[in-house]
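Shown next: query_4.cif, containing mmCIF, C-alpha atoms.
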```cif
data_final
loop_
_atom_site.label_atom_id
_atom_site.label_comp_id
_atom_site.auth_asym_id
_atom_site.auth_seq_id
_atom_site.Cartn_x
_atom_site.Cartn_y
_atom_site.Cartn_z
CA MET N 1 -22.74 -4.01 -20.81
CA THR N 2 -25.45 -1.33 -20.77
CA SER N 3 -24.18 2.17 -20.42
CA THR N 4 -25.92 2.67 -17.07
CA ARG N 5 -24.36 -0.48 -15.63
CA TYR N 6 -20.99 0.55 -17.06
CA GLN N 7 -21.28 4.05 -15.61
CA ILE N 8 -22.07 2.70 -12.14
CA ILE N 9 -19.00 0.45 -12.20
CA GLU N 10 -16.75 3.20 -13.56
CA THR N 11 -17.83 5.60 -10.85
CA THR N 12 -17.31 2.93 -8.20
CA CYS N 13 -13.78 2.22 -9.49
CA ASP N 14 -12.89 5.91 -9.27
CA LEU N 15 -14.29 6.33 -5.77
CA LEU N 16 -12.61 3.18 -4.45
CA GLU N 17 -9.30 4.37 -5.85
CA ALA N 18 -9.58 7.83 -4.35
CA GLN N 19 -10.99 7.04 -0.92
CA GLY N 20 -11.32 3.29 -0.33
CA TYR N 21 -14.18 0.92 0.46
CA HIS N 22 -15.53 2.14 3.76
CA ALA N 23 -15.73 5.78 2.72
CA THR N 24 -17.61 4.93 -0.46
CA GLY N 25 -21.36 4.75 0.00
CA LEU N 26 -24.13 3.78 -2.38
CA ASN N 27 -25.58 7.29 -2.12
CA GLN N 28 -22.36 8.80 -3.42
CA ILE N 29 -22.19 6.25 -6.24
CA VAL N 30 -25.77 7.09 -7.28
CA LYS N 31 -25.05 10.80 -7.12
CA GLU N 32 -21.74 10.80 -9.00
CA SER N 33 -22.71 8.23 -11.64
CA GLY N 34 -25.99 9.98 -12.39
CA ALA N 35 -27.65 6.56 -12.52
CA PRO N 36 -31.18 6.13 -11.17
CA ARG N 37 -31.10 4.48 -7.72
CA GLY N 38 -33.36 1.72 -9.01
CA SER N 39 -30.77 0.77 -11.67
CA LEU N 40 -28.15 0.26 -9.00
CA TYR N 41 -30.35 -2.17 -7.09
CA TYR N 42 -31.41 -3.83 -10.35
CA TYR N 43 -27.91 -4.43 -11.68
CA PHE N 44 -26.28 -5.09 -8.31
CA PRO N 45 -28.75 -6.96 -6.12
CA ASP N 46 -25.92 -7.87 -3.69
CA GLY N 47 -25.42 -4.20 -2.89
CA LYS N 48 -22.11 -2.55 -2.15
CA GLU N 49 -20.06 -5.71 -1.69
CA GLY N 50 -21.12 -7.24 -4.99
CA LEU N 51 -20.65 -3.98 -6.85
CA THR N 52 -17.21 -3.53 -5.31
CA ALA N 53 -16.21 -7.09 -6.28
CA GLU N 54 -17.10 -6.30 -9.91
CA ALA N 55 -15.30 -2.97 -9.76
CA ILE N 56 -12.16 -4.63 -8.39
CA GLU N 57 -12.27 -7.28 -11.12
CA ARG N 58 -12.60 -4.58 -13.75
CA THR N 59 -9.79 -2.53 -12.21
CA GLY N 60 -7.49 -5.57 -12.20
CA LYS N 61 -8.18 -6.27 -15.87
CA ILE N 62 -7.67 -2.66 -16.90
CA PHE N 63 -4.46 -2.25 -14.90
CA ALA N 64 -3.08 -5.55 -16.27
CA GLU N 65 -3.88 -4.43 -19.82
CA ARG N 66 -2.19 -1.13 -19.13
CA ILE N 67 0.92 -3.02 -17.98
CA ARG N 68 0.91 -5.27 -21.06
CA THR N 69 0.54 -2.34 -23.44
CA GLY N 70 3.11 -0.26 -21.59
CA LEU N 71 5.71 -3.02 -21.45
CA ALA N 72 5.24 -3.89 -25.12
CA ALA N 73 6.69 -0.51 -26.08
CA SER N 74 10.23 -1.54 -25.11
CA ASP N 75 12.19 -4.60 -26.16
CA THR N 76 14.19 -5.24 -23.02
CA ALA N 77 12.50 -5.94 -19.69
CA ASP N 78 14.62 -3.45 -17.74
CA GLU N 79 13.81 -0.58 -20.09
CA ALA N 80 10.14 -1.62 -20.28
CA VAL N 81 9.65 -1.70 -16.51
CA ARG N 82 11.59 1.51 -15.95
CA ALA N 83 9.50 3.36 -18.53
CA PHE N 84 6.22 1.90 -17.25
CA VAL N 85 6.84 2.91 -13.63
CA GLN N 86 7.88 6.39 -14.79
CA HIS N 87 4.59 6.56 -16.67
CA ILE N 88 2.69 5.67 -13.48
CA ALA N 89 4.57 8.44 -11.67
CA HIS N 90 3.28 10.83 -14.31
CA LEU N 91 -0.30 9.56 -13.98
CA VAL N 92 -0.24 9.89 -10.19
CA GLU N 93 1.01 13.47 -10.51
CA ALA N 94 -1.55 14.29 -13.20
CA SER N 95 -4.38 13.07 -10.96
CA GLY N 96 -3.36 15.49 -8.20
CA PHE N 97 -2.37 12.41 -6.14
CA ARG N 98 -5.96 11.19 -5.96
CA ALA N 99 -5.33 8.21 -8.24
CA GLY N 100 -2.82 5.38 -8.57
CA GLY N 101 -2.88 2.08 -6.73
CA PRO N 102 -6.56 1.41 -7.48
CA LEU N 103 -6.52 -1.83 -5.46
CA THR N 104 -4.42 -0.90 -2.45
CA THR N 105 -6.89 0.65 -0.05
CA VAL N 106 -9.65 -1.87 -0.69
CA ALA N 107 -7.16 -4.76 -0.44
CA MET N 108 -5.95 -3.58 2.96
CA GLU N 109 -9.42 -2.70 4.29
CA THR N 110 -10.91 -6.05 3.37
CA ALA N 111 -7.97 -8.48 3.75
CA THR N 112 -9.58 -10.20 6.71
CA SER N 113 -13.09 -8.73 6.80
CA SER N 114 -14.68 -9.85 3.48
CA GLU N 115 -13.83 -13.19 1.92
CA ARG N 116 -15.43 -12.16 -1.35
CA LEU N 117 -13.55 -8.89 -1.70
CA ASN N 118 -10.31 -10.46 -0.50
CA LEU N 119 -10.62 -13.06 -3.27
CA ALA N 120 -11.34 -10.36 -5.85
CA CYS N 121 -8.25 -8.40 -4.76
CA ARG N 122 -6.06 -11.50 -4.88
CA GLU N 123 -7.16 -12.29 -8.40
CA ALA N 124 -6.62 -8.69 -9.46
CA TYR N 125 -3.06 -8.59 -8.08
CA GLN N 126 -2.40 -11.94 -9.74
CA ARG N 127 -3.33 -10.38 -13.08
CA LEU N 128 -0.81 -7.57 -12.55
CA GLN N 129 1.94 -9.98 -11.55
CA SER N 130 1.24 -12.21 -14.56
CA ALA N 131 1.53 -9.24 -16.90
CA PHE N 132 5.01 -8.47 -15.56
CA GLU N 133 5.97 -12.15 -15.47
CA ASN N 134 5.01 -12.70 -19.11
CA LYS N 135 7.17 -9.80 -20.26
CA LEU N 136 10.13 -11.19 -18.31
CA VAL N 137 9.66 -14.65 -19.82
CA GLU N 138 9.47 -13.11 -23.30
CA SER N 139 12.72 -11.34 -22.48
CA SER N 140 14.34 -14.72 -21.77
CA PHE N 141 14.18 -14.80 -17.98
CA PRO N 142 13.66 -18.37 -16.73
CA GLN N 143 10.05 -18.97 -15.66
CA GLU N 144 10.74 -19.31 -11.92
CA ARG N 145 12.97 -16.24 -11.78
CA ALA N 146 10.40 -14.28 -13.79
CA ALA N 147 7.69 -15.12 -11.23
CA GLN N 148 9.90 -14.07 -8.32
CA LEU N 149 10.83 -10.78 -9.96
CA ALA N 150 7.20 -10.11 -10.93
CA THR N 151 6.23 -10.29 -7.24
CA PHE N 152 9.04 -7.91 -6.37
CA ILE N 153 8.15 -5.46 -9.14
CA THR N 154 4.47 -5.45 -8.11
CA ALA N 155 5.41 -4.84 -4.47
CA ALA N 156 7.82 -2.01 -5.25
CA LEU N 157 5.34 -0.39 -7.64
CA GLU N 158 2.51 -0.57 -5.06
CA GLY N 159 4.72 0.87 -2.33
CA GLY N 160 6.04 3.55 -4.65
CA ILE N 161 2.49 4.65 -5.41
CA ILE N 162 1.73 4.94 -1.69
CA LEU N 163 4.84 7.04 -1.05
CA SER N 164 4.16 9.24 -4.08
CA ARG N 165 0.54 9.87 -3.15
CA THR N 166 1.46 10.53 0.47
CA ASN N 167 4.33 12.87 -0.40
CA HIS N 168 2.44 14.58 -3.23
CA SER N 169 5.44 13.94 -5.47
CA GLY N 170 6.25 11.54 -8.30
CA ASP N 171 9.84 11.25 -7.04
CA PRO N 172 9.45 8.07 -4.95
CA LEU N 173 7.97 6.28 -7.98
CA ARG N 174 10.73 7.58 -10.23
CA GLN N 175 13.26 6.22 -7.76
CA VAL N 176 11.49 2.84 -7.82
CA ALA N 177 11.61 2.95 -11.65
CA GLU N 178 15.34 3.55 -11.56
CA GLU N 179 16.06 0.79 -9.03
CA LEU N 180 13.87 -1.80 -10.76
CA GLY N 181 15.57 -0.98 -14.06
CA ARG N 182 18.95 -1.62 -12.44
CA VAL N 183 17.80 -4.87 -10.85
CA LEU N 184 16.47 -6.23 -14.13
CA ALA N 185 19.48 -5.10 -16.15
CA ALA N 186 21.78 -6.79 -13.63
CA SER N 187 19.65 -9.96 -13.53
CA GLY N 188 20.62 -10.47 -17.16
CA GLU N 189 18.42 -11.53 -19.99
CA MET P 1 1.02 9.88 29.46
CA THR P 2 -1.83 8.72 31.68
CA SER P 3 -2.81 5.11 31.22
CA THR P 4 -6.28 6.03 29.93
CA ARG P 5 -4.87 8.37 27.29
CA TYR P 6 -2.29 5.75 26.37
CA GLN P 7 -4.93 3.06 26.09
CA ILE P 8 -7.09 5.18 23.78
CA ILE P 9 -4.14 5.82 21.43
CA GLU P 10 -3.06 2.16 21.47
CA THR P 11 -6.55 1.00 20.58
CA THR P 12 -6.76 3.59 17.82
CA CYS P 13 -3.41 2.45 16.36
CA ASP P 14 -4.63 -1.17 16.26
CA LEU P 15 -7.96 -0.30 14.64
CA LEU P 16 -6.37 1.97 12.02
CA GLU P 17 -3.92 -0.79 11.12
CA ALA P 18 -6.59 -3.46 10.80
CA GLN P 19 -9.34 -1.53 9.03
CA GLY P 20 -8.28 2.02 8.16
CA TYR P 21 -9.54 5.50 9.01
CA HIS P 22 -13.05 5.59 7.63
CA ALA P 23 -14.11 2.29 9.20
CA THR P 24 -12.85 3.32 12.62
CA GLY P 25 -15.42 5.18 14.68
CA LEU P 26 -15.15 6.84 18.08
CA ASN P 27 -17.77 4.42 19.42
CA GLN P 28 -15.59 1.45 18.59
CA ILE P 29 -12.54 3.13 20.10
CA VAL P 30 -14.46 3.79 23.33
CA LYS P 31 -15.74 0.23 23.43
CA GLU P 32 -12.47 -1.54 22.67
CA SER P 33 -10.24 0.68 24.79
CA GLY P 34 -12.54 0.44 27.79
CA ALA P 35 -11.99 4.17 28.37
CA PRO P 36 -14.88 6.32 29.58
CA ARG P 37 -16.35 8.33 26.68
CA GLY P 38 -15.72 11.54 28.61
CA SER P 39 -11.97 10.78 28.72
CA LEU P 40 -11.83 10.55 24.97
CA TYR P 41 -13.37 14.01 24.56
CA TYR P 42 -11.20 15.37 27.37
CA TYR P 43 -7.90 14.11 25.98
CA PHE P 44 -8.77 14.57 22.31
CA PRO P 45 -10.90 17.68 21.97
CA ASP P 46 -10.32 17.65 18.17
CA GLY P 47 -12.15 14.35 17.88
CA LYS P 48 -11.27 11.58 15.49
CA GLU P 49 -8.91 13.56 13.26
CA GLY P 50 -6.76 14.79 16.12
CA LEU P 51 -6.71 11.38 17.78
CA THR P 52 -5.73 9.75 14.48
CA ALA P 53 -2.92 12.28 13.93
CA GLU P 54 -1.49 11.32 17.33
CA ALA P 55 -1.91 7.63 16.63
CA ILE P 56 -0.10 7.96 13.28
CA GLU P 57 2.74 9.86 14.93
CA ARG P 58 3.07 7.16 17.57
CA THR P 59 2.92 4.39 14.96
CA GLY P 60 5.69 6.05 12.92
CA LYS P 61 7.93 6.35 15.97
CA ILE P 62 7.33 2.75 17.04
CA PHE P 63 7.87 1.35 13.55
CA ALA P 64 11.05 3.40 13.08
CA GLU P 65 12.36 2.15 16.43
CA ARG P 66 11.54 -1.40 15.41
CA ILE P 67 13.55 -0.88 12.20
CA ARG P 68 16.52 0.57 14.10
CA THR P 69 16.54 -2.27 16.62
CA GLY P 70 16.05 -4.92 13.95
CA LEU P 71 18.78 -3.60 11.68
CA ALA P 72 21.25 -3.28 14.55
CA ALA P 73 21.28 -7.06 14.93
CA SER P 74 23.31 -7.53 11.71
CA ASP P 75 26.56 -5.87 10.68
CA THR P 76 26.04 -5.63 6.95
CA ALA P 77 23.15 -3.70 5.45
CA ASP P 78 22.11 -6.49 3.07
CA GLU P 79 21.87 -9.06 5.84
CA ALA P 80 20.16 -6.56 8.18
CA VAL P 81 17.45 -5.61 5.69
CA ARG P 82 16.88 -9.21 4.57
CA ALA P 83 16.44 -10.38 8.17
CA PHE P 84 14.21 -7.43 9.08
CA VAL P 85 11.81 -7.94 6.18
CA GLN P 86 11.68 -11.68 6.97
CA HIS P 87 10.77 -10.70 10.53
CA ILE P 88 7.92 -8.52 9.25
CA ALA P 89 6.70 -11.49 7.16
CA HIS P 90 6.54 -13.47 10.38
CA LEU P 91 4.66 -10.72 12.24
CA VAL P 92 2.10 -10.39 9.44
CA GLU P 93 1.52 -14.15 9.49
CA ALA P 94 1.30 -14.22 13.29
CA SER P 95 -1.39 -11.51 13.25
CA GLY P 96 -3.58 -13.61 10.97
CA PHE P 97 -2.93 -10.96 8.26
CA ARG P 98 -4.77 -8.28 10.23
CA ALA P 99 -1.59 -6.34 11.01
CA GLY P 100 1.43 -5.00 9.14
CA GLY P 101 1.65 -1.74 7.25
CA PRO P 102 0.13 0.33 10.04
CA LEU P 103 0.28 3.52 7.97
CA THR P 104 -0.77 2.30 4.53
CA THR P 105 -4.54 2.45 4.61
CA VAL P 106 -4.74 5.77 6.44
CA ALA P 107 -2.09 7.26 4.14
CA MET P 108 -4.05 6.29 1.03
CA GLU P 109 -7.45 7.27 2.45
CA THR P 110 -6.32 10.72 3.52
CA ALA P 111 -3.66 11.62 0.90
CA THR P 112 -5.83 14.37 -0.55
CA SER P 113 -8.71 14.64 1.92
CA SER P 114 -7.07 15.74 5.19
CA GLU P 115 -4.06 18.02 5.24
CA ARG P 116 -3.42 17.27 8.88
CA LEU P 117 -3.44 13.48 8.48
CA ASN P 118 -1.49 13.65 5.23
CA LEU P 119 1.24 15.59 7.02
CA ALA P 120 1.26 13.07 9.88
CA CYS P 121 1.64 10.19 7.40
CA ARG P 122 4.44 11.94 5.52
CA GLU P 123 6.38 12.50 8.72
CA ALA P 124 5.81 8.90 9.78
CA TYR P 125 7.11 7.50 6.47
CA GLN P 126 10.06 9.86 6.69
CA ARG P 127 10.96 8.32 10.05
CA LEU P 128 10.96 4.84 8.52
CA GLN P 129 13.07 5.93 5.56
CA SER P 130 15.55 7.67 7.84
CA ALA P 131 15.95 4.52 9.92
CA PHE P 132 16.93 2.54 6.80
CA GLU P 133 19.07 5.38 5.47
CA ASN P 134 21.08 5.64 8.69
CA LYS P 135 21.88 1.93 8.65
CA LEU P 136 23.09 2.20 5.05
CA VAL P 137 25.29 5.18 5.86
CA GLU P 138 26.75 3.30 8.84
CA SER P 139 27.47 0.46 6.42
CA SER P 140 29.50 2.88 4.27
CA PHE P 141 26.98 3.68 1.54
CA PRO P 142 27.41 7.29 0.34
CA GLN P 143 24.72 9.58 1.77
CA GLU P 144 22.90 10.22 -1.51
CA ARG P 145 22.83 6.56 -2.53
CA ALA P 146 21.67 5.61 0.97
CA ALA P 147 18.72 7.99 0.69
CA GLN P 148 17.73 6.59 -2.72
CA LEU P 149 17.93 3.00 -1.53
CA ALA P 150 16.01 3.83 1.66
CA THR P 151 13.10 5.08 -0.47
CA PHE P 152 13.22 1.89 -2.53
CA ILE P 153 13.40 -0.36 0.55
CA THR P 154 10.44 1.43 2.17
CA ALA P 155 8.38 1.12 -1.05
CA ALA P 156 9.14 -2.58 -1.53
CA LEU P 157 8.44 -3.33 2.13
CA GLU P 158 5.10 -1.50 2.02
CA GLY P 159 4.06 -3.24 -1.19
CA GLY P 160 5.21 -6.61 0.15
CA ILE P 161 3.01 -6.14 3.21
CA ILE P 162 0.00 -5.40 0.99
CA LEU P 163 0.60 -8.51 -1.14
CA SER P 164 1.17 -10.69 1.94
CA ARG P 165 -1.95 -9.48 3.71
CA THR P 166 -4.02 -9.83 0.55
CA ASN P 167 -2.70 -13.32 -0.26
CA HIS P 168 -2.79 -14.49 3.37
CA SER P 169 0.81 -15.63 2.98
CA GLY P 170 4.20 -14.38 4.15
CA ASP P 171 5.75 -15.47 0.83
CA PRO P 172 5.55 -12.13 -1.04
CA LEU P 173 7.37 -10.42 1.86
CA ARG P 174 9.97 -13.19 1.97
CA GLN P 175 10.55 -12.65 -1.75
CA VAL P 176 10.97 -8.92 -1.14
CA ALA P 177 13.48 -9.74 1.65
CA GLU P 178 15.49 -11.90 -0.74
CA GLU P 179 15.50 -9.33 -3.56
CA LEU P 180 16.39 -6.40 -1.33
CA GLY P 181 19.23 -8.45 0.17
CA ARG P 182 20.57 -9.07 -3.34
CA VAL P 183 20.24 -5.43 -4.34
CA LEU P 184 22.13 -4.22 -1.28
CA ALA P 185 24.82 -6.90 -1.53
CA ALA P 186 25.36 -5.97 -5.19
CA SER P 187 25.36 -2.22 -4.44
CA GLY P 188 28.55 -2.84 -2.50
CA GLU P 189 29.53 -1.45 0.85
#
```
Translate the structure described by the file into structure tokens.
Amino acid sequence: MTSTRYQIIETTCDLLEAQGYHATGLNQIVKESGAPRGSLYYYFPDGKEGLTAEAIERTGKIFAERIRTGLAASDTADEAVRAFVQHIAHLVEASGFRAGGPLTTVAMETATSSERLNLACREAYQRLQSAFENKLVESSFPQERAAQLATFITAALEGGIILSRTNHSGDPLRQVAEELGRVLAASGE
Amino acid sequence: MTSTRYQIIETTCDLLEAQGYHATGLNQIVKESGAPRGSLYYYFPDGKEGLTAEAIERTGKIFAERIRTGLAASDTADEAVRAFVQHIAHLVEASGFRAGGPLTTVAMETATSSERLNLACREAYQRLQSAFENKLVESSFPQERAAQLATFITAALEGGIILSRTNHSGDPLRQVAEELGRVLAASGE
């Protein structure tokens, strides 16, 4: 990827995470990325929707990789998930509550208004769930139970991020970390 | 409340739920509410931010009341929460995935950009959490544990709504219902 193209997508990811799809305009992306306006139209001929679809895909891949790396640091699933969610609490705090949940706002804004972006968000969430599911399977959870718990973990993490950003406090996420750790420890391995 | 004022707030609540804060303009509110433009400026001299703050307050009260009523239908907390979250899955499906999580998008969009709307969202989420917490206390959970679990329930419910709207399926919420029911049953009463 050229560095200009990369910079445009990076800037778009950050803006979508902080303020959502509707608030993010091409003018702001041009301004904050420092890319020439012509490059934006050259690399993203479909305009804002196409650029956002690519940004969402990239965000899903990065977040899934972050989950895989984070979970790999602990042997047991309960400890891995607890530590990962605590780490997200820290990141949300460190961002001044601007970041965390990079898919949420766009997913909700476009769930029924853009087929293309809805599909991109679905695929991105599926990547996150698979990352959790794989760790659970590695930790000896049966496949079906691992898939169910991965959905639950993703939901609780997403909701915890919303509550932490809204309350300007990492505490809701730390509570989610604690509860998910208990659930997984009790679900046996 | 006069019926015009009421109608403006109702319309605003619906639009915020379906598409968020930034996508919702005063023109659309005027058009869809059928209220004269002058009434909107008369009743809401602060414009869109003030109107949204009132809509969020109203949404929080209505959602909290819906939780209280829903939970009252079952004696035990685990059964009450399971049935309530299943009910939300049904509502999200029935709306064609346009509705559910009436606070989420606005909360994320405004977490660090509007102090007034952030405060309104915090108070609204607090109402939801209190509604769950009170049911748990009634069901003999100790106060502190009830508060912790209420945060977890609210997070998982919020995240489940996002996944259900994004996937155009009530299944993620039904999975959340099942898991929360297990957690509460195992947490003893």
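With CA of Leu180 (chain P) on one side and CA of Ala150 (chain P) on the other, the separation reads 10.7 Å.
Put simply, CA of Leu184 (chain N) is 6.8 Å away from CA of Ala77 (chain N).
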Original post:
Could you name the residues that touch Phe141 (chain N) at 12 Å or less, counting only C-alpha atoms, but leaving out those on the same chain fewer than 3 positions away, as a list in words?
Top reply: Thr76, Ala77, Asp78, Phe132, Glu133, Asn134, Lys135, Leu136, Val137, Glu138, Glu144, Arg145, Ala146, Ala147, Gln148, Leu149, Ala150, Leu184, Ala185, Ala186, Ser187, Gly188 and Glu189 of chain N
Dump as a Markdown table the rows for residues of chain N within 8 Å of chain P: closest atom pair and distance in Å with one decimal, all atoms listed in the file counted, ordered by chain and rising residue number.
```
| residue | atom | partner | partner_atom | distance |
| --- | --- | --- | --- | --- |
| N:Ala18 | CA | P:Glu109 | CA | 7.1 |
| N:Gln19 | CA | P:Glu109 | CA | 4.9 |
| N:Gly20 | CA | P:Glu109 | CA | 6.2 |
| N:His22 | CA | P:Ala23 | CA | 5.6 |
| N:Ala23 | CA | P:His22 | CA | 5.6 |
| N:Phe97 | CA | P:Thr112 | CA | 6.9 |
| N:Arg98 | CA | P:Thr112 | CA | 6.3 |
| N:Thr104 | CA | P:Ile162 | CA | 7.2 |
| N:Thr105 | CA | P:Thr105 | CA | 5.5 |
| N:Ala107 | CA | P:Thr166 | CA | 6.0 |
| N:Met108 | CA | P:Thr105 | CA | 6.4 |
| N:Glu109 | CA | P:Gln19 | CA | 4.9 |
| N:Thr110 | CA | P:Gln19 | CA | 7.4 |
| N:Ala111 | CA | P:Thr166 | CA | 5.3 |
| N:Thr112 | CA | P:Arg98 | CA | 6.3 |
| N:Asn118 | CA | P:Thr166 | CA | 6.4 |
| N:Cys121 | CA | P:Thr166 | CA | 6.9 |
| N:Arg122 | CA | P:Asn167 | CA | 6.0 |
| N:Tyr125 | CA | P:Leu163 | CA | 7.8 |
| N:Gln148 | CA | P:Gln175 | CA | 6.8 |
| N:Thr151 | CA | P:Pro172 | CA | 6.5 |
| N:Phe152 | CA | P:Val176 | CA | 5.7 |
| N:Thr154 | CA | P:Gly159 | CA | 7.3 |
| N:Ala155 | CA | P:Gly159 | CA | 3.9 |
| N:Ala156 | CA | P:Ala156 | CA | 4.0 |
| N:Leu157 | CA | P:Gly159 | CA | 7.2 |
| N:Glu158 | CA | P:Gly159 | CA | 5.0 |
| N:Gly159 | CA | P:Ala155 | CA | 3.9 |
| N:Gly160 | CA | P:Ala155 | CA | 4.9 |
| N:Ile162 | CA | P:Met108 | CA | 6.5 |
| N:Leu163 | CA | P:Ala155 | CA | 6.9 |
| N:Arg165 | CA | P:Ala111 | CA | 6.1 |
| N:Thr166 | CA | P:Ala111 | CA | 5.3 |
| N:Asn167 | CA | P:Arg122 | CA | 6.0 |
| N:His168 | CA | P:Ala111 | CA | 7.9 |
| N:Pro172 | CA | P:Thr151 | CA | 6.5 |
| N:Gln175 | CA | P:Gln148 | CA | 6.7 |
| N:Val176 | CA | P:Phe152 | CA | 5.6 |
| N:Glu179 | CA | P:Phe152 | CA | 7.2 |
| N:Val183 | CA | P:Val183 | CA | 7.0 |
```
Can you turn the PyMOL selection byres ((chain P and resi 50-54) around 9) into a concrete residue list for this file, as an mmCIF file with C-alpha atoms, in the frame of the given file?
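Dumped everything to part-v4.cif:
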```cif
data_model
loop_
_atom_site.group_PDB
_atom_site.id
_atom_site.type_symbol
_atom_site.label_atom_id
_atom_site.label_comp_id
_atom_site.auth_asym_id
_atom_site.auth_seq_id
_atom_site.Cartn_x
_atom_site.Cartn_y
_atom_site.Cartn_z
ATOM 1 C CA ILE P 8 -7.090 5.180 23.780
ATOM 2 C CA ILE P 9 -4.140 5.820 21.430
ATOM 3 C CA THR P 12 -6.760 3.590 17.820
ATOM 4 C CA CYS P 13 -3.410 2.450 16.360
ATOM 5 C CA LEU P 16 -6.370 1.970 12.020
ATOM 6 C CA TYR P 21 -9.540 5.500 9.010
ATOM 7 C CA LEU P 40 -11.830 10.550 24.970
ATOM 8 C CA TYR P 43 -7.900 14.110 25.980
ATOM 9 C CA PHE P 44 -8.770 14.570 22.310
ATOM 10 C CA PRO P 45 -10.900 17.680 21.970
ATOM 11 C CA ASP P 46 -10.320 17.650 18.170
ATOM 12 C CA GLY P 47 -12.150 14.350 17.880
ATOM 13 C CA LYS P 48 -11.270 11.580 15.490
ATOM 14 C CA GLU P 49 -8.910 13.560 13.260
ATOM 15 C CA ALA P 55 -1.910 7.630 16.630
ATOM 16 C CA ILE P 56 -0.100 7.960 13.280
ATOM 17 C CA GLU P 57 2.740 9.860 14.930
ATOM 18 C CA ARG P 58 3.070 7.160 17.570
ATOM 19 C CA THR P 59 2.920 4.390 14.960
ATOM 20 C CA ARG P 116 -3.420 17.270 8.880
ATOM 21 C CA LEU P 117 -3.440 13.480 8.480
ATOM 22 C CA ASN P 118 -1.490 13.650 5.230
ATOM 23 C CA LEU P 119 1.240 15.590 7.020
ATOM 24 C CA ALA P 120 1.260 13.070 9.880
ATOM 25 C CA CYS P 121 1.640 10.190 7.400
#
```
Original post:
Residues at most 9 Å from Ala83 (chain P), counting all atoms listed in the file, excluding those fewer than 4 positions away in the same chain, as JSON, numbers by chain?
Top reply: {"P": [70, 71, 73, 74, 78, 79, 87, 88, 177, 181]}
**OP:** Could you jot down the CA of Tyr6 (chain N) to CA of Gly60 (chain N) separation for me, Å, one decimal place?
**Re:**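 These atoms are spaced 15.6 Å apart.
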